[in-house]
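Below: entry.cif (mmCIF, C-alpha atoms and all ligand atoms)
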```
data_data
#
loop_
_atom_site.group_PDB
_atom_site.id
_atom_site.type_symbol
_atom_site.label_atom_id
_atom_site.label_comp_id
_atom_site.auth_asym_id
_atom_site.auth_seq_id
_atom_site.Cartn_x
_atom_site.Cartn_y
_atom_site.Cartn_z
ATOM 1 C CA MET A 1 87.854 95.163 90.211
ATOM 2 C CA THR A 2 88.716 96.160 93.769
ATOM 3 C CA ILE A 3 86.451 98.527 95.639
ATOM 4 C CA GLN A 4 87.562 100.462 98.700
ATOM 5 C CA TRP A 5 84.624 99.861 101.009
ATOM 6 C CA PHE A 6 83.522 102.534 103.432
ATOM 7 C CA PRO A 7 80.481 102.383 105.729
ATOM 8 C CA GLY A 8 78.543 104.540 103.259
ATOM 9 C CA HIS A 9 79.306 102.109 100.416
ATOM 10 C CA MET A 10 78.159 99.179 102.497
ATOM 11 C CA THR A 11 74.870 100.829 103.413
ATOM 12 C CA ARG A 12 74.258 101.754 99.785
ATOM 13 C CA ALA A 13 75.186 98.281 98.512
ATOM 14 C CA ARG A 14 72.879 96.699 101.024
ATOM 15 C CA ARG A 15 70.017 99.015 100.085
ATOM 16 C CA GLN A 16 70.538 98.353 96.376
ATOM 17 C CA ILE A 17 70.411 94.592 96.921
ATOM 18 C CA GLN A 18 67.350 94.832 99.106
ATOM 19 C CA ASP A 19 65.598 96.866 96.385
ATOM 20 C CA LYS A 20 66.462 94.166 93.869
ATOM 21 C CA LEU A 21 65.246 91.411 96.199
ATOM 22 C CA LYS A 22 61.707 92.721 95.726
ATOM 23 C CA LEU A 23 61.949 91.796 92.043
ATOM 24 C CA ILE A 24 63.275 88.254 92.356
ATOM 25 C CA ASP A 25 62.296 84.757 93.524
ATOM 26 C CA VAL A 26 65.755 83.416 94.322
ATOM 27 C CA ALA A 27 69.202 84.796 95.167
ATOM 28 C CA ILE A 28 72.299 83.076 93.805
ATOM 29 C CA GLU A 29 75.085 83.599 96.334
ATOM 30 C CA LEU A 30 78.411 83.246 94.566
ATOM 31 C CA LEU A 31 81.421 82.202 96.659
ATOM 32 C CA ASP A 32 84.996 81.361 95.721
ATOM 33 C CA ALA A 33 85.331 77.588 96.172
ATOM 34 C CA ARG A 34 88.903 78.058 97.428
ATOM 35 C CA LEU A 35 87.752 80.148 100.366
ATOM 36 C CA PRO A 36 83.990 79.994 100.850
ATOM 37 C CA LEU A 37 84.096 81.662 104.270
ATOM 38 C CA SER A 38 86.490 84.489 103.500
ATOM 39 C CA SER A 39 84.682 85.254 100.231
ATOM 40 C CA ARG A 40 81.362 85.380 102.056
ATOM 41 C CA ASN A 41 79.734 88.596 103.199
ATOM 42 C CA PRO A 42 79.434 88.631 106.992
ATOM 43 C CA MET A 43 75.883 90.007 106.883
ATOM 44 C CA ILE A 44 74.520 87.825 104.111
ATOM 45 C CA ASP A 45 71.734 86.264 106.181
ATOM 46 C CA GLU A 46 70.469 89.675 107.290
ATOM 47 C CA ILE A 47 70.727 91.060 103.765
ATOM 48 C CA LEU A 48 68.922 88.235 101.995
ATOM 49 C CA LEU A 49 66.432 87.737 104.828
ATOM 50 C CA ASN A 50 64.191 84.823 103.961
ATOM 51 C CA LYS A 51 64.688 84.903 100.206
ATOM 52 C CA PRO A 52 65.283 81.394 98.832
ATOM 53 C CA ARG A 53 68.992 81.071 98.182
ATOM 54 C CA LEU A 54 71.268 78.914 96.084
ATOM 55 C CA ILE A 55 74.957 78.884 97.006
ATOM 56 C CA VAL A 56 77.329 78.430 94.065
ATOM 57 C CA LEU A 57 80.957 77.535 94.795
ATOM 58 C CA ASN A 58 82.571 79.112 91.754
ATOM 59 C CA LYS A 59 86.156 78.749 90.488
ATOM 60 C CA SER A 60 85.926 75.108 91.524
ATOM 61 C CA ASP A 61 88.465 74.385 88.753
ATOM 62 C CA LEU A 62 91.066 76.224 90.861
ATOM 63 C CA ALA A 63 90.151 74.594 94.185
ATOM 64 C CA ASP A 64 91.164 71.308 95.803
ATOM 65 C CA PRO A 65 88.366 68.891 94.754
ATOM 66 C CA ALA A 66 88.445 66.968 98.047
ATOM 67 C CA VAL A 67 88.026 70.161 100.077
ATOM 68 C CA THR A 68 85.277 71.446 97.766
ATOM 69 C CA LYS A 69 83.401 68.233 98.431
ATOM 70 C CA GLU A 70 83.712 68.891 102.170
ATOM 71 C CA TRP A 71 82.309 72.387 101.632
ATOM 72 C CA MET A 72 79.390 71.002 99.609
ATOM 73 C CA ASP A 73 78.549 68.641 102.487
ATOM 74 C CA TYR A 74 79.003 71.439 105.009
ATOM 75 C CA PHE A 75 76.566 73.797 103.275
ATOM 76 C CA LYS A 76 74.055 70.986 102.729
ATOM 77 C CA LYS A 77 74.217 70.169 106.448
ATOM 78 C CA GLU A 78 73.571 73.853 107.156
ATOM 79 C CA GLY A 79 70.352 73.434 105.172
ATOM 80 C CA HIS A 80 71.454 75.238 102.004
ATOM 81 C CA ALA A 81 71.048 74.321 98.373
ATOM 82 C CA VAL A 82 74.559 74.285 96.934
ATOM 83 C CA LEU A 83 76.298 73.697 93.604
ATOM 84 C CA MET A 84 79.861 73.915 92.377
ATOM 85 C CA ALA A 85 80.733 75.613 89.122
ATOM 86 C CA ASP A 86 83.413 76.941 86.828
ATOM 87 C CA ALA A 87 81.962 80.046 85.213
ATOM 88 C CA THR A 88 84.743 80.321 82.631
ATOM 89 C CA THR A 89 84.157 76.932 81.018
ATOM 90 C CA GLY A 90 80.496 76.734 82.042
ATOM 91 C CA HIS A 91 80.960 73.526 83.988
ATOM 92 C CA GLY A 92 78.060 73.184 86.461
ATOM 93 C CA VAL A 93 76.379 76.341 85.165
ATOM 94 C CA LYS A 94 73.470 74.510 83.502
ATOM 95 C CA ASP A 95 72.438 73.059 86.867
ATOM 96 C CA ILE A 96 71.778 76.527 88.288
ATOM 97 C CA SER A 97 68.324 77.055 86.762
ATOM 98 C CA VAL A 98 67.339 73.452 87.532
ATOM 99 C CA LYS A 99 68.347 73.849 91.173
ATOM 100 C CA ALA A 100 66.689 77.273 91.410
ATOM 101 C CA ARG A 101 63.398 75.785 90.231
ATOM 102 C CA GLU A 102 63.758 72.962 92.747
ATOM 103 C CA LEU A 103 64.016 75.566 95.502
ATOM 104 C CA LEU A 104 60.686 77.040 94.405
ATOM 105 C CA LYS A 105 59.037 73.700 93.755
ATOM 106 C CA GLU A 106 56.221 74.076 96.289
ATOM 107 C CA LYS A 107 55.227 77.487 94.936
ATOM 108 C CA ILE A 108 55.399 76.275 91.340
ATOM 109 C CA ASP A 109 53.374 73.142 92.164
ATOM 110 C CA ARG A 110 50.708 75.305 93.840
ATOM 111 C CA GLN A 111 50.475 77.471 90.727
ATOM 112 C CA ILE A 112 50.180 74.435 88.487
ATOM 113 C CA ALA A 113 47.462 73.001 90.753
ATOM 114 C CA LYS A 114 45.519 76.259 90.342
ATOM 115 C CA GLY A 115 45.888 76.039 86.578
ATOM 116 C CA ILE A 116 48.368 78.937 86.453
ATOM 117 C CA ARG A 117 51.272 78.488 84.064
ATOM 118 C CA PRO A 118 54.420 79.249 86.104
ATOM 119 C CA ARG A 119 56.547 82.121 84.783
ATOM 120 C CA PRO A 120 60.331 81.778 84.585
ATOM 121 C CA VAL A 121 62.138 81.920 87.935
ATOM 122 C CA ARG A 122 63.608 85.371 88.533
ATOM 123 C CA ALA A 123 67.098 85.415 90.001
ATOM 124 C CA LEU A 124 69.810 87.793 91.192
ATOM 125 C CA ILE A 125 73.501 86.967 91.534
ATOM 126 C CA VAL A 126 75.183 88.361 94.638
ATOM 127 C CA GLY A 127 78.757 88.182 95.854
ATOM 128 C CA ILE A 128 81.907 90.080 96.775
ATOM 129 C CA PRO A 129 84.135 91.504 93.983
ATOM 130 C CA ASN A 130 86.096 89.026 91.876
ATOM 131 C CA VAL A 131 84.133 85.854 92.704
ATOM 132 C CA GLY A 132 83.058 85.641 89.058
ATOM 133 C CA LYS A 133 79.662 87.367 88.990
ATOM 134 C CA SER A 134 80.113 89.005 85.570
ATOM 135 C CA THR A 135 81.635 85.856 84.105
ATOM 136 C CA LEU A 136 78.696 83.793 85.341
ATOM 137 C CA ILE A 137 76.117 86.299 84.070
ATOM 138 C CA ASN A 138 77.752 86.216 80.633
ATOM 139 C CA LYS A 139 77.860 82.432 80.668
ATOM 140 C CA LEU A 140 74.202 82.134 81.667
ATOM 141 C CA ALA A 141 73.224 84.751 79.077
ATOM 142 C CA GLY A 142 75.287 83.070 76.386
ATOM 143 C CA ARG A 143 76.699 86.470 75.377
ATOM 144 C CA SER A 144 78.685 89.376 76.750
ATOM 145 C CA ILE A 145 76.622 91.747 78.869
ATOM 146 C CA ALA A 146 78.019 95.263 79.347
ATOM 147 C CA LEU A 147 77.984 95.804 83.080
ATOM 148 C CA THR A 148 78.055 99.605 83.045
ATOM 149 C CA GLY A 149 76.224 99.816 86.337
ATOM 150 C CA ASP A 150 78.463 97.272 88.060
ATOM 151 C CA ARG A 151 79.594 99.654 90.781
ATOM 152 C CA PRO A 152 78.103 100.548 94.119
ATOM 153 C CA GLY A 153 76.361 103.874 93.862
ATOM 154 C CA VAL A 154 75.912 103.719 90.087
ATOM 155 C CA THR A 155 72.384 102.921 89.071
ATOM 156 C CA LYS A 156 70.848 102.129 85.724
ATOM 157 C CA GLY A 157 67.669 100.558 84.512
ATOM 158 C CA GLN A 158 67.305 96.888 85.378
ATOM 159 C CA GLN A 159 67.286 94.467 82.497
ATOM 160 C CA TRP A 160 66.181 90.860 82.569
ATOM 161 C CA ILE A 161 68.342 88.314 80.812
ATOM 162 C CA LYS A 162 66.625 85.167 79.600
ATOM 163 C CA VAL A 163 68.364 81.957 80.643
ATOM 164 C CA GLY A 164 66.680 79.244 78.569
ATOM 165 C CA THR A 165 62.932 79.182 79.071
ATOM 166 C CA ASP A 166 62.987 78.585 82.831
ATOM 167 C CA MET A 167 64.941 81.476 84.313
ATOM 168 C CA GLU A 168 65.359 85.237 84.070
ATOM 169 C CA LEU A 169 68.353 86.940 85.603
ATOM 170 C CA LEU A 170 68.890 90.571 86.594
ATOM 171 C CA ASP A 171 71.744 91.845 84.455
ATOM 172 C CA THR A 172 73.512 93.727 87.263
ATOM 173 C CA PRO A 173 74.693 91.604 90.191
ATOM 174 C CA GLY A 174 74.483 92.579 93.836
ATOM 175 C CA ILE A 175 77.981 93.539 94.967
ATOM 176 C CA LEU A 176 78.780 92.711 98.577
ATOM 177 C CA TRP A 177 81.791 93.468 100.739
ATOM 178 C CA PRO A 178 84.049 90.824 102.302
ATOM 179 C CA LYS A 179 84.864 90.536 106.002
ATOM 180 C CA PHE A 180 87.470 92.979 107.174
ATOM 181 C CA GLU A 181 87.960 92.232 110.866
ATOM 182 C CA ASP A 182 90.359 89.341 110.417
ATOM 183 C CA GLN A 183 93.734 90.062 108.811
ATOM 184 C CA ASN A 184 94.034 86.446 107.636
ATOM 185 C CA VAL A 185 90.833 86.877 105.623
ATOM 186 C CA GLY A 186 92.496 89.791 103.813
ATOM 187 C CA TYR A 187 95.571 87.700 103.058
ATOM 188 C CA ARG A 188 93.546 84.716 101.848
ATOM 189 C CA LEU A 189 91.598 86.983 99.511
ATOM 190 C CA ALA A 190 94.834 88.561 98.323
ATOM 191 C CA VAL A 191 96.440 85.177 97.596
ATOM 192 C CA THR A 192 93.516 84.333 95.293
ATOM 193 C CA GLY A 193 93.697 87.769 93.640
ATOM 194 C CA ALA A 194 90.458 89.181 95.044
ATOM 195 C CA ILE A 195 92.343 91.999 96.776
ATOM 196 C CA LYS A 196 94.867 93.734 94.594
ATOM 197 C CA GLU A 197 98.517 94.154 95.417
ATOM 198 C CA GLU A 198 98.213 97.904 95.821
ATOM 199 C CA ILE A 199 96.350 97.255 99.069
ATOM 200 C CA LEU A 200 98.555 94.564 100.589
ATOM 201 C CA ASN A 201 102.284 94.231 99.954
ATOM 202 C CA VAL A 202 103.096 91.568 97.334
ATOM 203 C CA GLU A 203 105.918 90.068 99.382
ATOM 204 C CA ASP A 204 103.670 89.786 102.428
ATOM 205 C CA ILE A 205 100.998 88.061 100.331
ATOM 206 C CA ALA A 206 103.552 85.625 98.886
ATOM 207 C CA PHE A 207 104.981 84.988 102.372
ATOM 208 C CA PHE A 208 101.488 84.113 103.628
ATOM 209 C CA ALA A 209 100.887 81.867 100.593
ATOM 210 C CA ILE A 210 104.185 79.995 100.968
ATOM 211 C CA GLN A 211 103.628 79.514 104.682
ATOM 212 C CA TYR A 212 100.195 78.035 103.963
ATOM 213 C CA LEU A 213 101.256 75.923 100.974
ATOM 214 C CA SER A 214 104.292 74.566 102.857
ATOM 215 C CA ARG A 215 101.945 73.331 105.513
ATOM 216 C CA TYR A 216 99.164 71.877 103.345
ATOM 217 C CA TYR A 217 100.343 71.564 99.734
ATOM 218 C CA TRP A 218 104.108 71.169 99.910
ATOM 219 C CA PRO A 219 104.337 68.549 97.087
ATOM 220 C CA LYS A 220 102.620 70.956 94.643
ATOM 221 C CA LEU A 221 104.923 73.831 95.578
ATOM 222 C CA GLN A 222 107.976 71.579 95.493
ATOM 223 C CA GLU A 223 107.151 70.132 92.092
ATOM 224 C CA ARG A 224 106.293 73.435 90.413
ATOM 225 C CA PHE A 225 109.424 75.256 91.563
ATOM 226 C CA ASP A 226 111.733 72.277 91.828
ATOM 227 C CA LEU A 227 112.403 72.941 95.514
ATOM 228 C CA GLN A 228 114.777 70.881 97.592
ATOM 229 C CA GLU A 229 114.055 71.292 101.268
ATOM 230 C CA LYS A 230 110.696 71.477 102.930
ATOM 231 C CA PRO A 231 110.618 74.167 105.636
ATOM 232 C CA LEU A 232 110.399 72.109 108.813
ATOM 233 C CA ASP A 233 108.799 74.967 110.665
ATOM 234 C CA PRO A 234 106.574 77.195 108.487
ATOM 235 C CA GLU A 235 106.252 79.507 111.517
ATOM 236 C CA ASP A 236 109.950 80.369 111.179
ATOM 237 C CA PRO A 237 110.159 83.434 108.889
ATOM 238 C CA ASP A 238 113.732 82.641 107.818
ATOM 239 C CA GLN A 239 112.689 79.238 106.493
ATOM 240 C CA VAL A 240 109.787 80.742 104.573
ATOM 241 C CA VAL A 241 111.992 83.464 103.078
ATOM 242 C CA ALA A 242 114.490 80.748 102.079
ATOM 243 C CA VAL A 243 111.700 79.103 100.039
ATOM 244 C CA MET A 244 110.846 82.480 98.451
ATOM 245 C CA GLU A 245 114.504 82.924 97.512
ATOM 246 C CA ALA A 246 114.696 79.434 96.027
ATOM 247 C CA ILE A 247 111.597 80.221 93.915
ATOM 248 C CA GLY A 248 113.181 83.514 92.829
ATOM 249 C CA ARG A 249 116.404 81.780 91.788
ATOM 250 C CA LYS A 250 114.429 79.181 89.863
ATOM 251 C CA ARG A 251 112.583 81.930 87.981
ATOM 252 C CA GLY A 252 115.735 84.008 87.379
ATOM 253 C CA CYS A 253 114.672 86.925 89.588
ATOM 254 C CA ILE A 254 118.227 87.963 90.412
ATOM 255 C CA VAL A 255 119.482 91.500 90.923
ATOM 256 C CA SER A 256 123.065 92.777 90.837
ATOM 257 C CA GLY A 257 125.242 91.088 93.438
ATOM 258 C CA GLY A 258 123.343 87.823 92.944
ATOM 259 C CA LYS A 259 120.597 88.666 95.428
ATOM 260 C CA VAL A 260 117.044 87.512 94.775
ATOM 261 C CA ASP A 261 114.502 90.167 93.828
ATOM 262 C CA LEU A 262 111.855 89.065 96.324
ATOM 263 C CA ALA A 263 109.139 91.393 95.029
ATOM 264 C CA LYS A 264 109.517 90.052 91.494
ATOM 265 C CA ALA A 265 109.690 86.444 92.702
ATOM 266 C CA SER A 266 106.575 86.991 94.829
ATOM 267 C CA GLY A 267 104.625 88.423 91.898
ATOM 268 C CA MET A 268 105.615 85.523 89.643
ATOM 269 C CA MET A 269 104.788 82.897 92.228
ATOM 270 C CA LEU A 270 101.375 84.408 92.935
ATOM 271 C CA ARG A 271 100.509 84.704 89.227
ATOM 272 C CA GLU A 272 101.317 81.035 88.672
ATOM 273 C CA LEU A 273 99.376 80.019 91.755
ATOM 274 C CA ARG A 274 96.289 82.049 90.742
ATOM 275 C CA ALA A 275 96.407 80.710 87.200
ATOM 276 C CA GLY A 276 96.162 77.188 88.601
ATOM 277 C CA LYS A 277 99.682 76.185 87.509
ATOM 278 C CA LEU A 278 100.323 74.418 90.823
ATOM 279 C CA GLY A 279 97.022 72.550 90.531
ATOM 280 C CA GLY A 280 93.930 72.981 92.678
ATOM 281 C CA PHE A 281 94.343 74.343 96.162
ATOM 282 C CA SER A 282 91.920 75.554 98.832
ATOM 283 C CA MET A 283 92.715 78.224 101.400
ATOM 284 C CA GLU A 284 90.258 77.065 104.046
ATOM 285 C CA SER A 285 88.290 73.971 104.918
ATOM 286 C CA PRO A 286 85.137 73.570 106.986
ATOM 287 C CA TYR A 287 86.446 70.969 109.413
HETATM 288 P P1 LIG A 301 83.154 89.783 89.537
HETATM 289 O O1 LIG A 301 82.176 90.187 88.476
HETATM 290 O O2 LIG A 301 82.530 88.996 90.642
HETATM 291 O O3 LIG A 301 83.956 90.925 90.072
HETATM 292 O O4 LIG A 301 84.208 88.772 88.879
HETATM 293 P P2 LIG A 301 84.576 88.545 87.333
HETATM 294 O O5 LIG A 301 83.462 87.855 86.618
HETATM 295 O O6 LIG A 301 85.088 89.814 86.760
HETATM 296 O O7 LIG A 301 85.768 87.492 87.463
HETATM 297 C C1 LIG A 301 87.000 87.831 88.101
HETATM 298 C C2 LIG A 301 88.108 87.000 87.507
HETATM 299 O O8 LIG A 301 87.874 85.625 87.818
HETATM 300 C C3 LIG A 301 88.192 87.054 85.973
HETATM 301 O O9 LIG A 301 89.554 86.902 85.634
HETATM 302 C C4 LIG A 301 87.445 85.821 85.538
HETATM 303 O O10 LIG A 301 87.834 85.357 84.264
HETATM 304 C C5 LIG A 301 87.855 84.843 86.612
HETATM 305 N N1 LIG A 301 86.863 83.770 86.829
HETATM 306 C C6 LIG A 301 85.538 83.899 87.050
HETATM 307 N N2 LIG A 301 84.975 82.700 87.247
HETATM 308 C C7 LIG A 301 85.963 81.782 87.151
HETATM 309 C C8 LIG A 301 86.011 80.348 87.266
HETATM 310 O O11 LIG A 301 85.014 79.645 87.551
HETATM 311 N N3 LIG A 301 87.238 79.757 87.107
HETATM 312 C C9 LIG A 301 88.360 80.481 86.824
HETATM 313 N N4 LIG A 301 89.498 79.823 86.676
HETATM 314 N N5 LIG A 301 88.352 81.826 86.719
HETATM 315 C C10 LIG A 301 87.170 82.457 86.877
HETATM 316 P P3 LIG A 301 90.358 88.039 84.923
HETATM 317 O O12 LIG A 301 89.573 88.570 83.787
HETATM 318 O O13 LIG A 301 91.712 87.498 84.680
HETATM 319 O O14 LIG A 301 90.356 89.154 85.974
HETATM 320 P P4 LIG A 301 91.433 89.470 87.069
HETATM 321 O O15 LIG A 301 91.899 88.146 87.608
HETATM 322 O O16 LIG A 301 92.486 90.218 86.319
HETATM 323 O O17 LIG A 301 90.692 90.289 88.090
#
```
For the file at hand, write its structure as structure tokens.
Amino acid sequence: MTIQWFPGHMTRARRQIQDKLKLIDVAIELLDARLPLSSRNPMIDEILLNKPRLIVLNKSDLADPAVTKEWMDYFKKEGHAVLMADATTGHGVKDISVKARELLKEKIDRQIAKGIRPRPVRALIVGIPNVGKSTLINKLAGRSIALTGDRPGVTKGQQWIKVGTDMELLDTPGILWPKFEDQNVGYRLAVTGAIKEEILNVEDIAFFAIQYLSRYYWPKLQERFDLQEKPLDPEDPDQVVAVMEAIGRKRGCIVSGGKVDLAKASGMMLRELRAGKLGGFSMESPY
């Protein structure tokens, strides 16, 4: 799902999340492990205020494991509780309720000391579109939850989903907007599929991806598409386009006259990249 965000949407989204915050003990901030900064809402600290927060680096199966480890260390150093997960297979998902309880340990211990039996921890998942909120909710619930209200401005009654005996989750996530100021953020999001190709041109997205991959993941790109020559200067557009053409020829994207159909080649390359066919890659690193 891609939402066109306008100032009115943002205000409404923020208000909706802040209403939900009153109901919960802990917020689960979902980020895309491949680009934890670009998939992060710029106002998240102001929105969540002092609510205990657990950061989950989702889609870790698609990211570069070494870089994800750096991000885990980075967020820990920043004083955050952080986990990595793959919401589709459920890897790491079980740790979420354990970690959420750890965050509330002092409060829970106080209740126990007073003889009060602690109730399940109440949680809300927040994140920008496409980070895997619905997938994670379904995984935690152990069934498919119909997210009819999963749009800014559409409200419905809140439902609590039981996650084991220790956690309850609001069934509708908090939807946040990504950063817009930086054009590179838009391209990074588009490479991972978070921004659809109707918004940014597919060839431009593929160009950005190839430039980046040539610089940091050339062996993966080379192996997948059986490429010969590494572009010596990824800043040189002609060299990048030459790689796009080589990919197009490899995938048979040829139009009459033997020219490469760059739009088709771009779409194919991006689909393979997003599906993890080149292996794990990360679009940004903390250091
Ligand atoms: P959202 O609610 O935050 O908007 O995201 P949603 O759960 O709809 O997930 C977006 C896409 O990401 C889905 O793919 C989903 O299967 C995939 N996804 C979610 N979590 C993970 C993960 O941990 N690993 C991997 N590999 N994929 C994950 P989709 O149905 O194909 O949608 P789309 O790509 O066509 O938008």
TODO: Find the distance between atom CA of A:Ser38 and atom CA of A:Tyr187 and write it in Å to one decimal.
DONE: 9.6 Å
When the PyMOL selection byres (((chain A and resi 178-182) around 12) and not hetatm) is applied to the structure above, which residues does it catch, written out as a short mmCIF file (atom, residue, chain, number, x, y, z; two decimals) with C-alpha atoms, in the coordinates of the input?
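The result, written out as expr_29.cif:
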```
data_model
loop_
_atom_site.label_atom_id
_atom_site.label_comp_id
_atom_site.auth_asym_id
_atom_site.auth_seq_id
_atom_site.Cartn_x
_atom_site.Cartn_y
_atom_site.Cartn_z
CA THR A 2 88.72 96.16 93.77
CA ILE A 3 86.45 98.53 95.64
CA GLN A 4 87.56 100.46 98.70
CA TRP A 5 84.62 99.86 101.01
CA PHE A 6 83.52 102.53 103.43
CA PRO A 7 80.48 102.38 105.73
CA MET A 10 78.16 99.18 102.50
CA LEU A 31 81.42 82.20 96.66
CA ASP A 32 85.00 81.36 95.72
CA LEU A 35 87.75 80.15 100.37
CA PRO A 36 83.99 79.99 100.85
CA LEU A 37 84.10 81.66 104.27
CA SER A 38 86.49 84.49 103.50
CA SER A 39 84.68 85.25 100.23
CA ARG A 40 81.36 85.38 102.06
CA ASN A 41 79.73 88.60 103.20
CA PRO A 42 79.43 88.63 106.99
CA MET A 43 75.88 90.01 106.88
CA ILE A 44 74.52 87.82 104.11
CA VAL A 126 75.18 88.36 94.64
CA GLY A 127 78.76 88.18 95.85
CA ILE A 128 81.91 90.08 96.78
CA PRO A 129 84.14 91.50 93.98
CA ASN A 130 86.10 89.03 91.88
CA VAL A 131 84.13 85.85 92.70
CA ILE A 175 77.98 93.54 94.97
CA LEU A 176 78.78 92.71 98.58
CA TRP A 177 81.79 93.47 100.74
CA GLN A 183 93.73 90.06 108.81
CA ASN A 184 94.03 86.45 107.64
CA VAL A 185 90.83 86.88 105.62
CA GLY A 186 92.50 89.79 103.81
CA TYR A 187 95.57 87.70 103.06
CA ARG A 188 93.55 84.72 101.85
CA LEU A 189 91.60 86.98 99.51
CA ALA A 190 94.83 88.56 98.32
CA ALA A 194 90.46 89.18 95.04
CA ILE A 195 92.34 92.00 96.78
#
```
Task: Neighbour list for A:Gly252 as a list in words, cut-off 12 Å, all atoms listed in the file, skip fewer than 4 positions in-chain - done: Phe225, Glu245, Ala246, Ile247, Gly248, Ser256, Gly258, Lys259, Val260, Asp261, Leu262, Lys264, Ala265 and Met268 of chain A
Those residues you just picked out, can you put them in a file as a PDB file, in the frame of the given file with C-alpha atoms?
```pdb
ATOM      1  CA  PHE A 225     109.424  75.256  91.563  1.00  0.00           C
ATOM      2  CA  GLU A 245     114.504  82.924  97.512  1.00  0.00           C
ATOM      3  CA  ALA A 246     114.696  79.434  96.027  1.00  0.00           C
ATOM      4  CA  ILE A 247     111.597  80.221  93.915  1.00  0.00           C
ATOM      5  CA  GLY A 248     113.181  83.514  92.829  1.00  0.00           C
ATOM      6  CA  SER A 256     123.065  92.777  90.837  1.00  0.00           C
ATOM      7  CA  GLY A 258     123.343  87.823  92.944  1.00  0.00           C
ATOM      8  CA  LYS A 259     120.597  88.666  95.428  1.00  0.00           C
ATOM      9  CA  VAL A 260     117.044  87.512  94.775  1.00  0.00           C
ATOM     10  CA  ASP A 261     114.502  90.167  93.828  1.00  0.00           C
ATOM     11  CA  LEU A 262     111.855  89.065  96.324  1.00  0.00           C
ATOM     12  CA  LYS A 264     109.517  90.052  91.494  1.00  0.00           C
ATOM     13  CA  ALA A 265     109.690  86.444  92.702  1.00  0.00           C
ATOM     14  CA  MET A 268     105.615  85.523  89.643  1.00  0.00           C
TER      15      MET A 268
END
```
Select from chain A every residue with an atom at most 6 Å from any atom of ligand LIG 301 (chain A), then for each give the shortest pair of atoms and their distance in Å to one decimal, using all atoms listed in the file, rows by chain and rising number, as JSON lines.
```
{"residue": "A:Met1", "atom": "CA", "partner": "A:LIG301", "partner_atom": "O3", "distance": 5.8}
{"residue": "A:Asn58", "atom": "CA", "partner": "A:LIG301", "partner_atom": "O11", "distance": 4.9}
{"residue": "A:Lys59", "atom": "CA", "partner": "A:LIG301", "partner_atom": "O11", "distance": 3.3}
{"residue": "A:Asp61", "atom": "CA", "partner": "A:LIG301", "partner_atom": "N3", "distance": 5.8}
{"residue": "A:Leu62", "atom": "CA", "partner": "A:LIG301", "partner_atom": "N4", "distance": 5.7}
{"residue": "A:Asp86", "atom": "CA", "partner": "A:LIG301", "partner_atom": "O11", "distance": 3.2}
{"residue": "A:Ala87", "atom": "CA", "partner": "A:LIG301", "partner_atom": "O11", "distance": 3.9}
{"residue": "A:Thr88", "atom": "CA", "partner": "A:LIG301", "partner_atom": "C8", "distance": 4.8}
{"residue": "A:Pro129", "atom": "CA", "partner": "A:LIG301", "partner_atom": "O3", "distance": 4.0}
{"residue": "A:Asn130", "atom": "CA", "partner": "A:LIG301", "partner_atom": "O3", "distance": 3.4}
{"residue": "A:Val131", "atom": "CA", "partner": "A:LIG301", "partner_atom": "O2", "distance": 4.1}
{"residue": "A:Gly132", "atom": "CA", "partner": "A:LIG301", "partner_atom": "O5", "distance": 3.3}
{"residue": "A:Lys133", "atom": "CA", "partner": "A:LIG301", "partner_atom": "O2", "distance": 3.7}
{"residue": "A:Ser134", "atom": "CA", "partner": "A:LIG301", "partner_atom": "O5", "distance": 3.7}
{"residue": "A:Thr135", "atom": "CA", "partner": "A:LIG301", "partner_atom": "O5", "distance": 3.7}
```
Open item on the list: Can you measure atom CA of A:Asp233 to atom CA of A:Glu198 for me? One decimal in Å is fine.
Closed with: 29.3 Å
TODO: May I ask which of the residues A:Gln222, A:Ser97, A:Thr89, A:Ser60 is the closest one to A:Met167, counting all atoms listed in the file?
DONE: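 Checking each candidate against A:Met167, we get A:Ser97 as the closest.
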Centre and edge lengths, as lines of an AutoDock Vina configuration file, for the axis-aligned box enclosing every listed atom of stretch 101-111 of chain A with 5 Å of padding on each of the six sides, in Å to one decimal?
```
center_x = 57.2
center_y = 75.2
center_z = 93.3
size_x = 23.5
size_y = 14.5
size_z = 16.1
```
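Taking atom CA of A:Lys94 as the reference point, atom CA of A:Glu78 is found at 23.7 Å.
Minimum atom-to-atom distances from A:Ala209, A:Ser144, A:Ala33, A:Leu200 to A:Val67 were compared using all atoms listed in the file, and the lowest value belongs to A:Ala33.
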TODO: Just say which residues the PyMOL selection byres (((chain A and resi 21) around 12) and not hetatm) picks in this file, as a count of residues only.
DONE: 30
Open item on the list: Which residue is closest to A:Ala141? Choose from A:Val121, A:Leu104, A:Val163, A:Val202 and count only C-alpha atoms.
Closed with: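 Using only C-alpha atoms, A:Ala141 sits closest to A:Val163.
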Open item on the list: Let me make sure I understand: among A:Leu30, A:Ile137, A:Leu213, A:Leu278, which one has the smallest atom-to-atom distance to A:Gly90 if we use all atoms listed in the file?
Closed with: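 Result for the nearest residue to A:Gly90: A:Ile137.
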Task: Selection under test: the PyMOL selection byres (((chain A and resi 54) around 7) and not hetatm); residues as a ChimeraX atom specification - done: /A:27-29,53,55-56,80-82,100
Open item on the list: Just checking: using all atoms listed in the file, which residue out of A:Gln159, A:Thr192, A:Ser214, A:Thr172 ends up closest to A:Leu227?
Closed with: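 Under the stated criterion, the closest residue is A:Ser214.
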Open item on the list: Residues near A:Tyr212, anyone? I mean within 12 Å using only C-alpha atoms, not counting same-chain ones fewer than 3 positions away, as a list of chain:residue names.
Closed with: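 These residues fall inside the cut-off: A:Asn184, A:Tyr187, A:Arg188, A:Val191, A:Ile205, A:Ala206, A:Phe207, A:Phe208, A:Ala209, A:Arg215, A:Tyr216, A:Tyr217, A:Trp218, A:Lys220, A:Leu221, A:Pro231, A:Asp233, A:Pro234, A:Glu235, A:Val240, A:Phe281, A:Ser282, A:Met283, A:Glu284.
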